[in-house]
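First the structure, in the form of C-alpha cells, and then the observations on it.
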Protein chains: 2
Amino acid sequence: MTATDIKRAGLKVTLPRLKVLEVLENANPHHLSAEDVYKALLDTDDSVGLATVYRVLTQFESAGIVQRHNFADGHAVYELAPDEHHDHMVDVDSGQVLEFVNERIEKLQQEIADEHGFELVDHELVLYVRKRRK
Amino acid sequence: MTATDIKRAGLKVTLPRLKVLEVLENANPHHLSAEDVYKALLDTDDSVGLATVYRVLTQFESAGIVQRHNFADGHAVYELAPDEHHDHMVDVDSGQVLEFVNERIEKLQQEIADEHGFELVDHELVLYVRKRRK
DNA sequence: ATTGCAAATGAGAATTGTTTCTATTTAAAT
DNA sequence: ATTTAAATAGAAACAATTCTCATTTGCAAT
C-alpha cells in the first residue's frame, strides 16, 4: 500500500492520509477502530484530527484500500484490504480476533445466492467462539 | 410467543412488554430497529417510551425471546427468536432482507471452530447480494 | 519558484443511536 | 385492599460518528 493507491483513488496524497495508512500497515492485530488509529497518532509529531481519521477511513473504504467490519458489540473496525479474502472468528471471552479462510464455505455462499436468483456481491461471516476446555 | 414466555424469563407481565411483543409478532419484514418498534406504538392508545423499548428488547434478548443482529450500516435490528436458526441475505439495491438456512454451512462453521480449538458460541452470516440479470 | 484554487484539514458543535437516572406508577403476592 | 419490589416515562447522559466552516495544503499552471 503506497501513495500510489491513494492517487489511483482520485485523492490527494496528504500527510494525514499517509499517516493513517502507515498506522494500518504496522497494526497488530490488524483490526483497529477509528479511535485506535487516532490514538496511535496522537503522540507523533503529526497527529491527525479524529474527524479526519473517520473521513479518511471512509474514503479508503470506498477506494477499496481498507475494509470495514461491524462486530457484534456494535462498533466498527478497519483493516487494510487483504490480498485474499478471509473471515473472522471472535473469542467472546478475550475479544481476540482470528482470521480464517475456508474455500468450501465461500463456494457454498455463491451457490446459495445463486439458488435464490442473486449474485453474491459481498458477505460477512463472523464466528463467535470460546476456547474449548477438553 | 405469549405472556408465559415473559413470565418464564422472570419478568413481570406488563403492558409495554406485551405491546412490544405484539409489534414484533406482526412485523413484516421481521427485522425492526428499536426506533421502528417505538414508532409502531406511537399512534396506539398505549405508546411506550423509547427508553423502555430499548430496555425491553435487551431483556427479551437475554431471555432468548428475541435475537439481535448488527447489519452493515451499523445499527441493531431485532426479530422474534425463530424456531429454527437462519441466516440473512440482504439485497444491496432494494435493502430487502431474506432468510435462508443451509445445513452444510452450519456444519462447516462448527468444524472450523473445532479445528482451531474453539467451540462455536454463535455466528453471524450475512450475504450481500444483487438480483441476477439473466 | 510562485501563485491560485479546489480539495483537505482540525476543532468543535451537532447528530444519531443507545443507555442510564430518577421520580412516579404498576403488577402481583399477601 | 395493602404493600412492596419491579417497571415505567422522560430527561439527561453517553459514545460513536458526521457536519460546519475558517484555515491550510497539494499540486497544476504559470
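By order in the C-alpha cells, chains are A, B, ...; within a chain, residues start at 1; ligands start at 1, following the order shown.
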Nearby residues (only C-alpha atoms (C1' of nucleotides)) at most 9 Å from segment 80-93 of chain A, same-chain spacing under 4 positions excluded, as a PyMOL selection string: (chain A and resi 1+21+24-25+30-31+61+64-68+71+97-102+124-131) or (chain B and resi 113+118+121+123)
Contacts between chain A and chain D, please, where a residue of chain D counts if it comes within 12 Å (with only C-alpha atoms (C1' of nucleotides)); show its shortest atom pair and distance in Å to one decimal, rows by chain and ascending number, as a tab-separated table.
```
residue	atom	partner	partner_atom	distance
D:DA15	C1'	A:His75	CA	10.1
D:DA16	C1'	A:His75	CA	7.8
D:DT17	C1'	A:Tyr54	CA	7.7
D:DT18	C1'	A:Ala51	CA	8.0
D:DC19	C1'	A:Ala51	CA	9.6
D:DT20	C1'	A:Ala51	CA	11.8
D:DT24	C1'	A:Thr14	CA	11.7
D:DT25	C1'	A:Thr14	CA	8.1
D:DG26	C1'	A:Lys12	CA	6.7
D:DC27	C1'	A:Lys12	CA	8.8
```
Using N, CA and C atoms (P, O5', C5', C4', C3', O3' and C1' of nucleotides), can you write the selected residues to a file as a short mmCIF file (atom, residue, chain, number, x, y, z; two decimals), in the first residue's frame?
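Resulting contents of out-v8.cif:
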```cif
data_model
loop_
_atom_site.label_atom_id
_atom_site.label_comp_id
_atom_site.auth_asym_id
_atom_site.auth_seq_id
_atom_site.Cartn_x
_atom_site.Cartn_y
_atom_site.Cartn_z
P DA D 15 -19.07 7.89 27.48
"O5'" DA D 15 -19.18 7.19 26.05
"C5'" DA D 15 -19.89 5.96 25.92
"C4'" DA D 15 -19.93 5.60 24.46
"C3'" DA D 15 -18.62 5.84 23.72
"O3'" DA D 15 -18.42 4.77 22.81
"C1'" DA D 15 -20.34 7.16 22.74
P DA D 16 -17.09 4.77 21.93
"O5'" DA D 16 -17.69 5.02 20.48
"C5'" DA D 16 -18.68 4.13 19.99
"C4'" DA D 16 -19.24 4.70 18.72
"C3'" DA D 16 -18.18 4.99 17.66
"O3'" DA D 16 -18.62 4.40 16.45
"C1'" DA D 16 -19.53 6.92 18.05
P DT D 17 -17.70 4.48 15.15
"O5'" DT D 17 -18.30 5.75 14.40
"C5'" DT D 17 -19.69 5.74 14.08
"C4'" DT D 17 -20.11 7.11 13.61
"C3'" DT D 17 -19.33 7.66 12.41
"O3'" DT D 17 -20.23 7.67 11.31
"C1'" DT D 17 -19.79 9.34 14.03
P DT D 18 -19.83 8.28 9.91
"O5'" DT D 18 -20.35 9.79 10.04
"C5'" DT D 18 -21.73 10.01 10.27
"C4'" DT D 18 -22.00 11.49 10.28
"C3'" DT D 18 -21.50 12.24 9.03
"O3'" DT D 18 -22.60 13.02 8.58
"C1'" DT D 18 -20.73 13.31 10.98
P DC D 19 -22.49 13.94 7.26
"O5'" DC D 19 -22.43 15.41 7.87
"C5'" DC D 19 -23.44 15.79 8.81
"C4'" DC D 19 -23.11 17.17 9.35
"C3'" DC D 19 -22.76 18.19 8.26
"O3'" DC D 19 -23.53 19.34 8.53
"C1'" DC D 19 -21.07 18.14 9.94
P DT D 20 -23.52 20.58 7.46
"O5'" DT D 20 -22.58 21.64 8.17
"C5'" DT D 20 -22.74 21.88 9.56
"C4'" DT D 20 -21.88 23.07 9.97
"C3'" DT D 20 -21.55 24.02 8.83
"O3'" DT D 20 -21.52 25.34 9.36
"C1'" DT D 20 -19.56 23.13 9.71
P DT D 24 -3.84 29.06 8.96
"O5'" DT D 24 -3.66 27.74 8.07
"C5'" DT D 24 -3.78 26.48 8.72
"C4'" DT D 24 -3.63 25.39 7.66
"C3'" DT D 24 -2.33 25.46 6.87
"O3'" DT D 24 -1.75 24.17 6.99
"C1'" DT D 24 -4.18 25.21 5.42
P DT D 25 -0.33 23.87 6.39
"O5'" DT D 25 -0.69 23.06 5.05
"C5'" DT D 25 -1.49 21.90 5.16
"C4'" DT D 25 -1.70 21.34 3.77
"C3'" DT D 25 -0.44 21.30 2.93
"O3'" DT D 25 -0.41 20.06 2.27
"C1'" DT D 25 -2.14 22.41 1.74
P DG D 26 0.93 19.48 1.69
"O5'" DG D 26 0.41 18.87 0.32
"C5'" DG D 26 -0.62 17.88 0.33
"C4'" DG D 26 -1.27 17.83 -1.05
"C3'" DG D 26 -0.31 17.50 -2.18
"O3'" DG D 26 -1.05 16.70 -3.09
"C1'" DG D 26 -1.25 19.65 -2.55
P DC D 27 -0.26 15.90 -4.24
"O5'" DC D 27 -0.36 16.92 -5.46
"C5'" DC D 27 -1.63 17.21 -6.03
"C4'" DC D 27 -1.50 18.35 -7.01
"C3'" DC D 27 -0.26 18.27 -7.94
"O3'" DC D 27 -0.65 18.70 -9.22
"C1'" DC D 27 -0.38 20.35 -6.98
#
```
Exercise answer, chain C residues close to chain B, 12 Å and only C-alpha atoms (C1' of nucleotides), as a list in words: DT16, DG17, DT18, DT19, DT20, DC21, DT25, DT26, DA27 and DA28 of chain C
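The spacing separating atom CA of Glu111 of chain A from atom CA of Glu111 of chain B amounts to 19.7 Å.
Ranking D:DT23, D:DA12, D:DA29, D:DT3 by their shortest atom-to-atom distance to DA8 of chain C, with only C-alpha atoms (C1' of nucleotides) included, puts D:DT23 first.
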Members of chain A assigned helix (DSSP H, G or I) by DSSP, as an MDAnalysis selection string: chainID A and resid 3:8 15:25 34:42 50:62 103:115
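Considering only C-alpha atoms (C1' of nucleotides), the residue among B:Gln96, B:Gln59, B:Thr52, B:Gln110 positioned nearest to DA9 of chain D is B:Thr52.
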Minimum-distance residue to chain A, chosen among B:Leu120, B:Lys134, B:Leu57, B:His69 (using only C-alpha atoms):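 Between B:Leu120, B:Lys134, B:Leu57, B:His69, the residue approaching chain A most closely is B:Leu120.
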Could you write out, as an mmCIF file with C-alpha atoms, in the first residue's frame, all the residues of segment 24-119 of chain B that DSSP marks as strand (DSSP E or B)?
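The file below, states-v1.cif, is the result:
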```
data_model
loop_
_atom_site.group_PDB
_atom_site.id
_atom_site.type_symbol
_atom_site.label_atom_id
_atom_site.label_comp_id
_atom_site.auth_asym_id
_atom_site.auth_seq_id
_atom_site.Cartn_x
_atom_site.Cartn_y
_atom_site.Cartn_z
ATOM 1 C CA LEU B 32 -37.178 -3.985 13.352
ATOM 2 C CA VAL B 66 -35.710 -12.039 20.527
ATOM 3 C CA GLN B 67 -32.487 -12.036 18.567
ATOM 4 C CA ARG B 68 -30.359 -9.027 17.826
ATOM 5 C CA HIS B 69 -28.409 -8.544 14.613
ATOM 6 C CA ASN B 70 -25.931 -5.893 13.553
ATOM 7 C CA ALA B 76 -29.040 -3.072 15.507
ATOM 8 C CA VAL B 77 -32.241 -4.815 14.482
ATOM 9 C CA TYR B 78 -34.336 -7.253 16.444
ATOM 10 C CA GLU B 79 -36.589 -10.110 15.464
ATOM 11 C CA LEU B 80 -38.554 -12.713 17.370
ATOM 12 C CA ASP B 87 -29.038 -16.583 8.216
ATOM 13 C CA HIS B 88 -29.688 -13.477 6.179
ATOM 14 C CA MET B 89 -29.345 -12.252 2.675
ATOM 15 C CA VAL B 90 -29.564 -8.530 2.034
ATOM 16 C CA ASP B 91 -30.368 -7.178 -1.410
ATOM 17 C CA VAL B 97 -33.828 -8.938 3.758
ATOM 18 C CA LEU B 98 -34.333 -12.632 3.012
ATOM 19 C CA GLU B 99 -33.783 -15.525 5.329
ATOM 20 C CA PHE B 100 -32.213 -18.821 4.462
ATOM 21 C CA PHE B 118 -12.769 -23.437 19.940
ATOM 22 C CA GLU B 119 -16.391 -24.203 20.467
#
```
Residue contacts of DT30 of chain D (12 Å, only C-alpha atoms (C1' of nucleotides)) excluding same-chain residues fewer than 6 positions away, as a PyMOL selection string: chain C and resi 1-4
Convert the current residue selection to file output with N, CA and C atoms (P, O5', C5', C4', C3', O3' and C1' of nucleotides), as a PDB file, in the first residue's frame.
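Result file result33.pdb:
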```
ATOM      1  P    DA C   1      13.569  25.888  -8.045  1.00  0.00           P
ATOM      2  O5'  DA C   1      12.484  26.947  -7.512  1.00  0.00           O
ATOM      3  C5'  DA C   1      12.879  27.892  -6.575  1.00  0.00           C
ATOM      4  C4'  DA C   1      12.108  29.147  -6.867  1.00  0.00           C
ATOM      5  C3'  DA C   1      11.111  29.435  -5.761  1.00  0.00           C
ATOM      6  O3'  DA C   1      11.193  30.821  -5.509  1.00  0.00           O
ATOM      7  C1'  DA C   1       9.961  29.077  -7.847  1.00  0.00           C
ATOM      8  P    DT C   2      10.318  31.730  -4.790  1.00  0.00           P
ATOM      9  O5'  DT C   2       9.050  31.578  -5.765  1.00  0.00           O
ATOM     10  C5'  DT C   2       8.058  31.920  -5.579  1.00  0.00           C
ATOM     11  C4'  DT C   2       7.146  32.718  -6.488  1.00  0.00           C
ATOM     12  C3'  DT C   2       5.919  33.078  -5.685  1.00  0.00           C
ATOM     13  O3'  DT C   2       5.409  34.308  -6.160  1.00  0.00           O
ATOM     14  C1'  DT C   2       5.375  31.419  -7.341  1.00  0.00           C
ATOM     15  P    DT C   3       4.150  34.952  -5.427  1.00  0.00           P
ATOM     16  O5'  DT C   3       2.925  34.284  -6.180  1.00  0.00           O
ATOM     17  C5'  DT C   3       2.838  34.425  -7.597  1.00  0.00           C
ATOM     18  C4'  DT C   3       1.568  33.757  -8.062  1.00  0.00           C
ATOM     19  C3'  DT C   3       0.349  34.006  -7.163  1.00  0.00           C
ATOM     20  O3'  DT C   3      -0.734  34.356  -8.004  1.00  0.00           O
ATOM     21  C1'  DT C   3       0.676  31.674  -7.495  1.00  0.00           C
ATOM     22  P    DG C   4      -2.124  34.843  -7.423  1.00  0.00           P
ATOM     23  O5'  DG C   4      -3.051  33.589  -7.731  1.00  0.00           O
ATOM     24  C5'  DG C   4      -3.005  33.002  -9.044  1.00  0.00           C
ATOM     25  C4'  DG C   4      -4.052  31.919  -9.137  1.00  0.00           C
ATOM     26  C3'  DG C   4      -5.312  32.204  -8.319  1.00  0.00           C
ATOM     27  O3'  DG C   4      -6.411  31.718  -9.077  1.00  0.00           O
ATOM     28  C1'  DG C   4      -4.245  30.261  -7.465  1.00  0.00           C
TER      29       DG C   4
END
```
Nearest to chain A, chosen from B:Lys107, B:Arg132, B:His116, B:Lys19, with only C-alpha atoms counted in the distances: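 For chain A, the nearest of the given residues is B:Arg132.
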Nearest residue to chain A from the set B:Thr2, B:Gln109, B:Ser47, B:Thr58 (distances using only C-alpha atoms):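 Checking each candidate against chain A, we get B:Gln109 as the closest.
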Distance in Å - atom CA of Tyr38 of chain B versus atom CA of Thr4 of chain B: 22.9 Å
Using only C-alpha atoms (C1' of nucleotides): which of C:DG10, C:DT15, C:DT24, C:DA29 has the shortest distance to Val53 of chain A: C:DG10
